[in-house]
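Raw run.pdb, PDB, C-alpha atoms:
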ATOM      1  CA  MET A 250     -31.324  82.038 130.024  1.00  0.00           C
ATOM      2  CA  THR A 251     -32.326  79.397 132.549  1.00  0.00           C
ATOM      3  CA  PRO A 252     -29.717  78.946 135.292  1.00  0.00           C
ATOM      4  CA  GLN A 253     -27.829  75.655 135.300  1.00  0.00           C
ATOM      5  CA  THR A 254     -28.834  73.234 138.053  1.00  0.00           C
ATOM      6  CA  GLY A 255     -27.050  70.062 139.135  1.00  0.00           C
ATOM      7  CA  PRO A 256     -23.376  69.328 138.464  1.00  0.00           C
ATOM      8  CA  SER A 257     -21.593  72.170 136.721  1.00  0.00           C
ATOM      9  CA  PRO A 258     -20.877  71.399 133.052  1.00  0.00           C
ATOM     10  CA  LEU A 259     -17.598  71.831 131.203  1.00  0.00           C
ATOM     11  CA  LEU A 260     -17.301  72.808 127.543  1.00  0.00           C
ATOM     12  CA  ILE A 261     -13.978  71.946 125.886  1.00  0.00           C
ATOM     13  CA  ALA A 262     -13.596  73.600 122.485  1.00  0.00           C
ATOM     14  CA  CYS A 263     -11.130  72.729 119.732  1.00  0.00           C
ATOM     15  CA  ALA A 264     -11.018  73.527 116.035  1.00  0.00           C
ATOM     16  CA  LEU A 265      -9.548  70.677 114.009  1.00  0.00           C
ATOM     17  CA  GLY A 266     -10.594  67.121 113.431  1.00  0.00           C
ATOM     18  CA  ILE A 267      -7.211  65.814 114.585  1.00  0.00           C
ATOM     19  CA  GLU A 268      -7.558  67.791 117.847  1.00  0.00           C
ATOM     20  CA  HIS A 269     -11.067  66.444 118.362  1.00  0.00           C
ATOM     21  CA  LEU A 270      -9.793  62.910 117.734  1.00  0.00           C
ATOM     22  CA  ALA A 271      -7.055  63.326 120.341  1.00  0.00           C
ATOM     23  CA  LEU A 272      -9.550  64.522 122.930  1.00  0.00           C
ATOM     24  CA  ARG A 273     -12.107  61.813 122.123  1.00  0.00           C
ATOM     25  CA  THR A 274      -9.498  59.070 122.502  1.00  0.00           C
ATOM     26  CA  GLY A 275      -8.024  60.494 125.709  1.00  0.00           C
ATOM     27  CA  ASP A 276      -8.811  59.493 129.276  1.00  0.00           C
ATOM     28  CA  ARG A 277     -12.419  60.560 129.863  1.00  0.00           C
ATOM     29  CA  GLY A 278     -12.620  59.392 133.493  1.00  0.00           C
ATOM     30  CA  GLY A 279     -12.783  61.704 136.479  1.00  0.00           C
ATOM     31  CA  ALA A 280     -14.945  64.525 135.175  1.00  0.00           C
ATOM     32  CA  GLY A 281     -16.682  66.520 137.907  1.00  0.00           C
ATOM     33  CA  GLY A 282     -19.799  67.119 135.815  1.00  0.00           C
ATOM     34  CA  PRO A 283     -21.164  66.792 132.280  1.00  0.00           C
ATOM     35  CA  VAL A 284     -18.499  67.332 129.614  1.00  0.00           C
ATOM     36  CA  THR A 285     -19.064  68.502 126.033  1.00  0.00           C
ATOM     37  CA  VAL A 286     -16.184  68.396 123.544  1.00  0.00           C
ATOM     38  CA  LEU A 287     -16.988  70.786 120.699  1.00  0.00           C
ATOM     39  CA  ARG A 288     -15.260  70.937 117.332  1.00  0.00           C
ATOM     40  CA  THR A 289     -15.778  74.542 116.250  1.00  0.00           C
ATOM     41  CA  GLY A 290     -14.110  74.526 112.865  1.00  0.00           C
ATOM     42  CA  MET A 291     -11.018  76.506 111.962  1.00  0.00           C
ATOM     43  CA  GLY A 292     -10.637  80.241 112.431  1.00  0.00           C
ATOM     44  CA  PRO A 293     -11.936  82.882 114.833  1.00  0.00           C
ATOM     45  CA  LYS A 294     -15.290  83.425 113.150  1.00  0.00           C
ATOM     46  CA  ALA A 295     -16.148  79.727 113.176  1.00  0.00           C
ATOM     47  CA  ALA A 296     -15.078  79.433 116.820  1.00  0.00           C
ATOM     48  CA  GLU A 297     -17.135  82.425 117.902  1.00  0.00           C
ATOM     49  CA  ARG A 298     -20.274  81.220 116.117  1.00  0.00           C
ATOM     50  CA  SER A 299     -20.008  77.636 117.345  1.00  0.00           C
ATOM     51  CA  VAL A 300     -19.406  78.537 120.983  1.00  0.00           C
ATOM     52  CA  ALA A 301     -22.243  81.082 121.045  1.00  0.00           C
ATOM     53  CA  ARG A 302     -24.614  78.532 119.509  1.00  0.00           C
ATOM     54  CA  VAL A 303     -23.758  75.772 121.978  1.00  0.00           C
ATOM     55  CA  LEU A 304     -23.865  78.039 125.028  1.00  0.00           C
ATOM     56  CA  ALA A 305     -27.360  79.179 124.065  1.00  0.00           C
ATOM     57  CA  ASP A 306     -28.531  75.786 125.337  1.00  0.00           C
ATOM     58  CA  PRO A 307     -29.882  76.323 128.900  1.00  0.00           C
ATOM     59  CA  ALA A 308     -28.198  73.068 129.955  1.00  0.00           C
ATOM     60  CA  LEU A 309     -24.850  74.806 129.396  1.00  0.00           C
ATOM     61  CA  GLY A 310     -25.876  78.116 130.885  1.00  0.00           C
ATOM     62  CA  GLY A 311     -23.270  78.006 133.645  1.00  0.00           C
ATOM     63  CA  ALA A 312     -20.628  75.965 131.844  1.00  0.00           C
ATOM     64  CA  ALA A 313     -16.938  76.578 132.337  1.00  0.00           C
ATOM     65  CA  VAL A 314     -15.227  76.903 128.956  1.00  0.00           C
ATOM     66  CA  LEU A 315     -11.734  75.713 128.070  1.00  0.00           C
ATOM     67  CA  ALA A 316     -10.196  76.301 124.643  1.00  0.00           C
ATOM     68  CA  THR A 317      -7.575  73.791 123.566  1.00  0.00           C
ATOM     69  CA  GLY A 318      -5.765  72.301 120.606  1.00  0.00           C
ATOM     70  CA  PHE A 319      -2.500  73.113 118.882  1.00  0.00           C
ATOM     71  CA  CYS A 320      -0.653  76.425 118.668  1.00  0.00           C
ATOM     72  CA  ALA A 321       2.488  78.038 117.319  1.00  0.00           C
ATOM     73  CA  GLY A 322       5.097  78.902 119.910  1.00  0.00           C
ATOM     74  CA  LEU A 323       6.637  82.346 119.590  1.00  0.00           C
ATOM     75  CA  ALA A 324       9.560  82.250 122.011  1.00  0.00           C
ATOM     76  CA  PRO A 325      12.972  80.809 121.184  1.00  0.00           C
ATOM     77  CA  GLY A 326      13.565  77.491 122.908  1.00  0.00           C
ATOM     78  CA  MET A 327       9.990  76.232 122.596  1.00  0.00           C
ATOM     79  CA  HIS A 328       9.589  72.705 121.234  1.00  0.00           C
ATOM     80  CA  PRO A 329       6.752  70.653 119.742  1.00  0.00           C
ATOM     81  CA  GLY A 330       4.892  68.969 122.574  1.00  0.00           C
ATOM     82  CA  ASP A 331       5.436  71.832 125.033  1.00  0.00           C
ATOM     83  CA  LEU A 332       2.279  73.107 126.738  1.00  0.00           C
ATOM     84  CA  VAL A 333       1.016  76.678 126.922  1.00  0.00           C
ATOM     85  CA  VAL A 334      -1.331  77.765 129.708  1.00  0.00           C
ATOM     86  CA  ALA A 335      -2.758  81.158 128.836  1.00  0.00           C
ATOM     87  CA  GLU A 336      -2.851  83.799 131.560  1.00  0.00           C
ATOM     88  CA  GLU A 337      -5.028  85.761 129.163  1.00  0.00           C
ATOM     89  CA  THR A 338      -6.157  85.582 125.551  1.00  0.00           C
ATOM     90  CA  ARG A 339      -5.875  88.563 123.229  1.00  0.00           C
ATOM     91  CA  ASP A 340      -7.190  89.674 119.899  1.00  0.00           C
ATOM     92  CA  PRO A 341      -7.789  93.121 118.377  1.00  0.00           C
ATOM     93  CA  ARG A 342     -11.199  93.316 120.064  1.00  0.00           C
ATOM     94  CA  SER A 343     -10.465  92.303 123.619  1.00  0.00           C
ATOM     95  CA  THR A 344      -8.350  90.721 126.317  1.00  0.00           C
ATOM     96  CA  VAL A 345      -9.951  87.948 128.372  1.00  0.00           C
ATOM     97  CA  ALA A 346      -8.402  86.894 131.680  1.00  0.00           C
ATOM     98  CA  CYS A 347      -8.145  83.171 132.371  1.00  0.00           C
ATOM     99  CA  VAL A 348      -9.140  81.580 135.682  1.00  0.00           C
ATOM    100  CA  ALA A 349      -7.161  79.328 138.047  1.00  0.00           C
ATOM    101  CA  THR A 350      -4.147  79.062 135.754  1.00  0.00           C
ATOM    102  CA  GLU A 351      -1.902  77.937 138.622  1.00  0.00           C
ATOM    103  CA  ARG A 352      -4.117  74.895 139.121  1.00  0.00           C
ATOM    104  CA  LEU A 353      -3.912  74.057 135.430  1.00  0.00           C
ATOM    105  CA  VAL A 354      -0.119  74.242 135.485  1.00  0.00           C
ATOM    106  CA  LYS A 355       0.000  71.933 138.505  1.00  0.00           C
ATOM    107  CA  GLU A 356      -2.400  69.386 137.019  1.00  0.00           C
ATOM    108  CA  LEU A 357      -0.701  69.382 133.613  1.00  0.00           C
ATOM    109  CA  ALA A 358       2.641  68.645 135.264  1.00  0.00           C
ATOM    110  CA  ARG A 359       0.972  65.650 136.888  1.00  0.00           C
ATOM    111  CA  ALA A 360      -0.869  64.481 133.744  1.00  0.00           C
ATOM    112  CA  VAL A 361       2.050  64.883 131.330  1.00  0.00           C
ATOM    113  CA  PRO A 362       5.211  64.586 133.445  1.00  0.00           C
ATOM    114  CA  GLY A 363       8.388  65.815 131.850  1.00  0.00           C
ATOM    115  CA  ARG A 364       6.690  68.228 129.470  1.00  0.00           C
ATOM    116  CA  THR A 365       7.565  71.917 129.693  1.00  0.00           C
ATOM    117  CA  VAL A 366       4.628  74.160 130.599  1.00  0.00           C
ATOM    118  CA  HIS A 367       4.827  77.820 129.545  1.00  0.00           C
ATOM    119  CA  THR A 368       2.548  80.516 130.948  1.00  0.00           C
ATOM    120  CA  GLY A 369       1.775  83.929 129.540  1.00  0.00           C
ATOM    121  CA  PRO A 370      -0.484  85.751 127.074  1.00  0.00           C
ATOM    122  CA  LEU A 371      -1.893  83.760 124.154  1.00  0.00           C
ATOM    123  CA  THR A 372      -2.660  85.898 121.131  1.00  0.00           C
ATOM    124  CA  GLY A 373      -5.154  85.283 118.347  1.00  0.00           C
ATOM    125  CA  SER A 374      -4.694  85.455 114.601  1.00  0.00           C
ATOM    126  CA  ASP A 375      -6.971  85.025 111.605  1.00  0.00           C
ATOM    127  CA  HIS A 376      -4.283  83.160 109.646  1.00  0.00           C
ATOM    128  CA  VAL A 377      -1.428  80.709 110.144  1.00  0.00           C
ATOM    129  CA  VAL A 378       1.604  82.608 111.440  1.00  0.00           C
ATOM    130  CA  ARG A 379       4.944  81.979 109.770  1.00  0.00           C
ATOM    131  CA  GLY A 380       8.487  83.279 109.800  1.00  0.00           C
ATOM    132  CA  PRO A 381       9.202  86.881 110.831  1.00  0.00           C
ATOM    133  CA  GLU A 382       5.622  87.481 111.948  1.00  0.00           C
ATOM    134  CA  ARG A 383       6.398  85.370 115.019  1.00  0.00           C
ATOM    135  CA  ALA A 384       8.958  87.947 116.175  1.00  0.00           C
ATOM    136  CA  ASP A 385       6.428  90.764 115.767  1.00  0.00           C
ATOM    137  CA  LEU A 386       3.906  88.937 117.944  1.00  0.00           C
ATOM    138  CA  LEU A 387       6.556  88.000 120.529  1.00  0.00           C
ATOM    139  CA  ALA A 388       7.388  91.702 120.842  1.00  0.00           C
ATOM    140  CA  THR A 389       3.828  92.319 122.073  1.00  0.00           C
ATOM    141  CA  GLY A 390       4.504  90.035 125.064  1.00  0.00           C
ATOM    142  CA  ALA A 391       2.616  87.014 123.746  1.00  0.00           C
ATOM    143  CA  ILE A 392       4.273  83.613 124.059  1.00  0.00           C
ATOM    144  CA  ALA A 393       2.113  81.666 121.575  1.00  0.00           C
ATOM    145  CA  VAL A 394      -0.503  82.184 118.886  1.00  0.00           C
ATOM    146  CA  ASP A 395      -3.494  80.266 117.556  1.00  0.00           C
ATOM    147  CA  MET A 396      -6.590  81.086 115.553  1.00  0.00           C
ATOM    148  CA  GLU A 397      -9.454  80.157 117.898  1.00  0.00           C
ATOM    149  CA  SER A 398      -8.706  80.565 121.629  1.00  0.00           C
ATOM    150  CA  ALA A 399      -9.270  84.312 121.873  1.00  0.00           C
ATOM    151  CA  ALA A 400     -12.513  84.121 119.897  1.00  0.00           C
ATOM    152  CA  THR A 401     -13.698  81.114 121.920  1.00  0.00           C
ATOM    153  CA  LEU A 402     -13.164  82.819 125.266  1.00  0.00           C
ATOM    154  CA  LEU A 403     -14.581  86.151 124.109  1.00  0.00           C
ATOM    155  CA  SER A 404     -17.727  84.419 122.845  1.00  0.00           C
ATOM    156  CA  ALA A 405     -17.980  82.490 126.124  1.00  0.00           C
ATOM    157  CA  VAL A 406     -17.827  85.524 128.420  1.00  0.00           C
ATOM    158  CA  ARG A 407     -20.186  87.503 126.211  1.00  0.00           C
ATOM    159  CA  THR A 408     -22.908  84.943 126.906  1.00  0.00           C
ATOM    160  CA  GLY A 409     -22.539  85.319 130.669  1.00  0.00           C
ATOM    161  CA  ALA A 410     -20.064  85.305 133.549  1.00  0.00           C
ATOM    162  CA  ARG A 411     -18.248  81.973 133.661  1.00  0.00           C
ATOM    163  CA  PRO A 412     -14.752  80.526 134.307  1.00  0.00           C
ATOM    164  CA  VAL A 413     -12.638  80.340 131.155  1.00  0.00           C
ATOM    165  CA  ALA A 414      -9.182  79.042 130.323  1.00  0.00           C
ATOM    166  CA  ALA A 415      -7.020  78.115 127.367  1.00  0.00           C
ATOM    167  CA  VAL A 416      -4.420  75.355 127.138  1.00  0.00           C
ATOM    168  CA  ARG A 417      -2.554  74.731 123.909  1.00  0.00           C
ATOM    169  CA  VAL A 418       0.062  72.235 122.770  1.00  0.00           C
ATOM    170  CA  VAL A 419       2.928  73.660 120.733  1.00  0.00           C
ATOM    171  CA  VAL A 420       2.973  71.998 117.336  1.00  0.00           C
ATOM    172  CA  ASP A 421       5.618  74.241 115.825  1.00  0.00           C
ATOM    173  CA  ALA A 422       8.033  76.876 117.095  1.00  0.00           C
ATOM    174  CA  PRO A 423      10.613  79.297 115.688  1.00  0.00           C
ATOM    175  CA  GLU A 424      13.254  76.578 115.306  1.00  0.00           C
ATOM    176  CA  HIS A 425      10.741  73.826 114.447  1.00  0.00           C
ATOM    177  CA  GLU A 426       8.307  75.108 111.814  1.00  0.00           C
ATOM    178  CA  LEU A 427       5.960  72.485 110.377  1.00  0.00           C
ATOM    179  CA  VAL A 428       4.410  72.379 106.961  1.00  0.00           C
ATOM    180  CA  ARG A 429       1.534  70.025 107.827  1.00  0.00           C
ATOM    181  CA  ILE A 430       0.332  68.823 111.218  1.00  0.00           C
ATOM    182  CA  GLY A 431       0.642  65.072 111.665  1.00  0.00           C
ATOM    183  CA  THR A 432       3.128  64.432 108.873  1.00  0.00           C
ATOM    184  CA  VAL A 433       6.285  64.957 110.909  1.00  0.00           C
ATOM    185  CA  ARG A 434       7.498  64.025 114.343  1.00  0.00           C
ATOM    186  CA  GLY A 435       6.517  67.337 115.954  1.00  0.00           C
ATOM    187  CA  GLY A 436       2.893  66.933 114.953  1.00  0.00           C
ATOM    188  CA  ILE A 437       2.767  63.377 116.274  1.00  0.00           C
ATOM    189  CA  SER A 438       4.320  64.463 119.570  1.00  0.00           C
ATOM    190  CA  ALA A 439       1.763  67.260 119.972  1.00  0.00           C
ATOM    191  CA  PHE A 440      -1.095  64.837 119.240  1.00  0.00           C
ATOM    192  CA  ARG A 441       0.092  62.447 121.942  1.00  0.00           C
ATOM    193  CA  VAL A 442       0.349  65.250 124.485  1.00  0.00           C
ATOM    194  CA  LEU A 443      -3.123  66.579 123.666  1.00  0.00           C
ATOM    195  CA  ARG A 444      -4.522  63.068 124.106  1.00  0.00           C
ATOM    196  CA  SER A 445      -3.110  63.015 127.668  1.00  0.00           C
ATOM    197  CA  VAL A 446      -4.349  66.337 129.070  1.00  0.00           C
ATOM    198  CA  LEU A 447      -8.025  65.649 129.806  1.00  0.00           C
ATOM    199  CA  PRO A 448      -7.416  64.592 133.438  1.00  0.00           C
ATOM    200  CA  ALA A 449      -5.805  67.993 134.062  1.00  0.00           C
ATOM    201  CA  PHE A 450      -8.805  69.751 132.547  1.00  0.00           C
ATOM    202  CA  PHE A 451     -11.180  67.767 134.745  1.00  0.00           C
ATOM    203  CA  GLU A 452      -9.197  68.569 137.897  1.00  0.00           C
ATOM    204  CA  TRP A 453      -9.175  72.270 136.968  1.00  0.00           C
ATOM    205  CA  HIS A 454     -12.935  72.132 136.512  1.00  0.00           C
ATOM    206  CA  ARG A 455     -13.399  70.241 139.770  1.00  0.00           C
ATOM    207  CA  SER A 456     -11.349  72.871 141.632  1.00  0.00           C
ATOM    208  CA  LEU A 457     -13.768  75.565 140.495  1.00  0.00           C
ATOM    209  CA  LEU A 458     -16.582  73.765 142.303  1.00  0.00           C
ATOM    210  CA  LEU A 459     -14.781  73.642 145.670  1.00  0.00           C
ATOM    211  CA  PRO A 460     -15.786  76.124 148.375  1.00  0.00           C
ATOM    212  CA  ARG A 461     -13.490  79.129 148.607  1.00  0.00           C
ATOM    213  CA  ARG A 462     -11.583  79.487 151.898  1.00  0.00           C
TER     214      ARG A 462
END
Write-out of the structure in structure tokens:
Amino acid sequence: MTPQTGPSPLLIACALGIEHLALRTGDRGGAGGPVTVLRTGMGPKAAERSVARVLADPALGGAAVLATGFCAGLAPGMHPGDLVVAEETRDPRSTVACVATERLVKELARAVPGRTVHTGPLTGSDHVVRGPERADLLATGAIAVDMESAATLLSAVRTGARPVAAVRVVVDAPEHELVRIGTVRGGISAFRVLRSVLPAFFEWHRSLLLPRR
């Protein structure tokens, strides 16, 4: 693979059309390099294939990768619109450590003031998690679950060493289960939050380019 030259690129990956819409209509100013927003399709297999295909492009050889979109909160007290910054992503195949999570937390607090930001492990699933299964996943130490983040980050690091992170917006939680995203208040709240987070992603990416002291 040809090494990346010039400004470092950023790949932001999401799964759903509504997530992609939120990111496309968000504030796109302030990026520290070329930005690609990729809609992978739903589920871990689709995410893994899409990310591997895009990162095969030499222009993205050194890209930082950030997985985002909606998730299900696992811990009591979580609410739709809360943010989750993954310290690591997990699935049955691997655990991938995330980079510069403290910077993400700081920048999200600035970009979306007043929103609660949770940090901890983000676990992967191959299906939508409902009811008692949340408690089983919480018992593993995970604080949230989604279908694509773990596969996205695993695919990213398999193609080469690179910074990775995952930020998700809680769309439902133990006390606030949704039937369909976007049809109730919780889904609308999560959409608005996701539309506001791009500046935080860009500042995280920019911080990776600064010289280490």
As a check of understanding, name the residues that the PyMOL selection byres ((chain A and resi 444) around 10) selects in the supplied structure, as a list of chain:residue names.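 Checked against the file, the PyMOL selection byres ((chain A and resi 444) around 10) matches A:Glu268, A:His269, A:Leu270, A:Ala271, A:Leu272, A:Arg273, A:Thr274, A:Gly275, A:Asp276, A:Gly318, A:Val361, A:Ala439, A:Phe440, A:Arg441, A:Val442, A:Leu443, A:Ser445, A:Val446, A:Leu447, A:Pro448.
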One-decimal distance in Å that lies between CA of Val333 (chain A) and CA of Leu357 (chain A): 10.0 Å
Which residue, A:Leu353, A:Ala384, A:Leu287, A:Met327, has the smallest gap to Arg455 (chain A) when you use only C-alpha atoms? A:Leu353
Residue nearest Gly373 (chain A) - candidates A:Val394, A:Val354, A:Leu386, A:Met291, atoms counted: all atoms listed in the file: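 Checking each of A:Val394, A:Val354, A:Leu386, A:Met291 against Gly373 (chain A), counting all atoms listed in the file, the winner is A:Val394.
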Ground truth for the PyMOL selection byres ((chain A and resi 352) around 9), written as a count of residues only: 12
Quick one: apply the PyMOL selection byres ((chain A and resi 364) around 10) to the file and drop the selected residues here as a list in words. His328, Gly330, Asp331, Leu332, Leu357, Ala358, Arg359, Ala360, Val361, Pro362, Gly363, Thr365, Val366, His367 and Val442 of chain A
Return the single residue from A:Leu457, A:Val419, A:Val334, A:Leu371 that is closest to Ser257 (chain A), with distances computed using only C-alpha atoms.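 Answer, going by the shortest atom-to-atom distance: A:Leu457.
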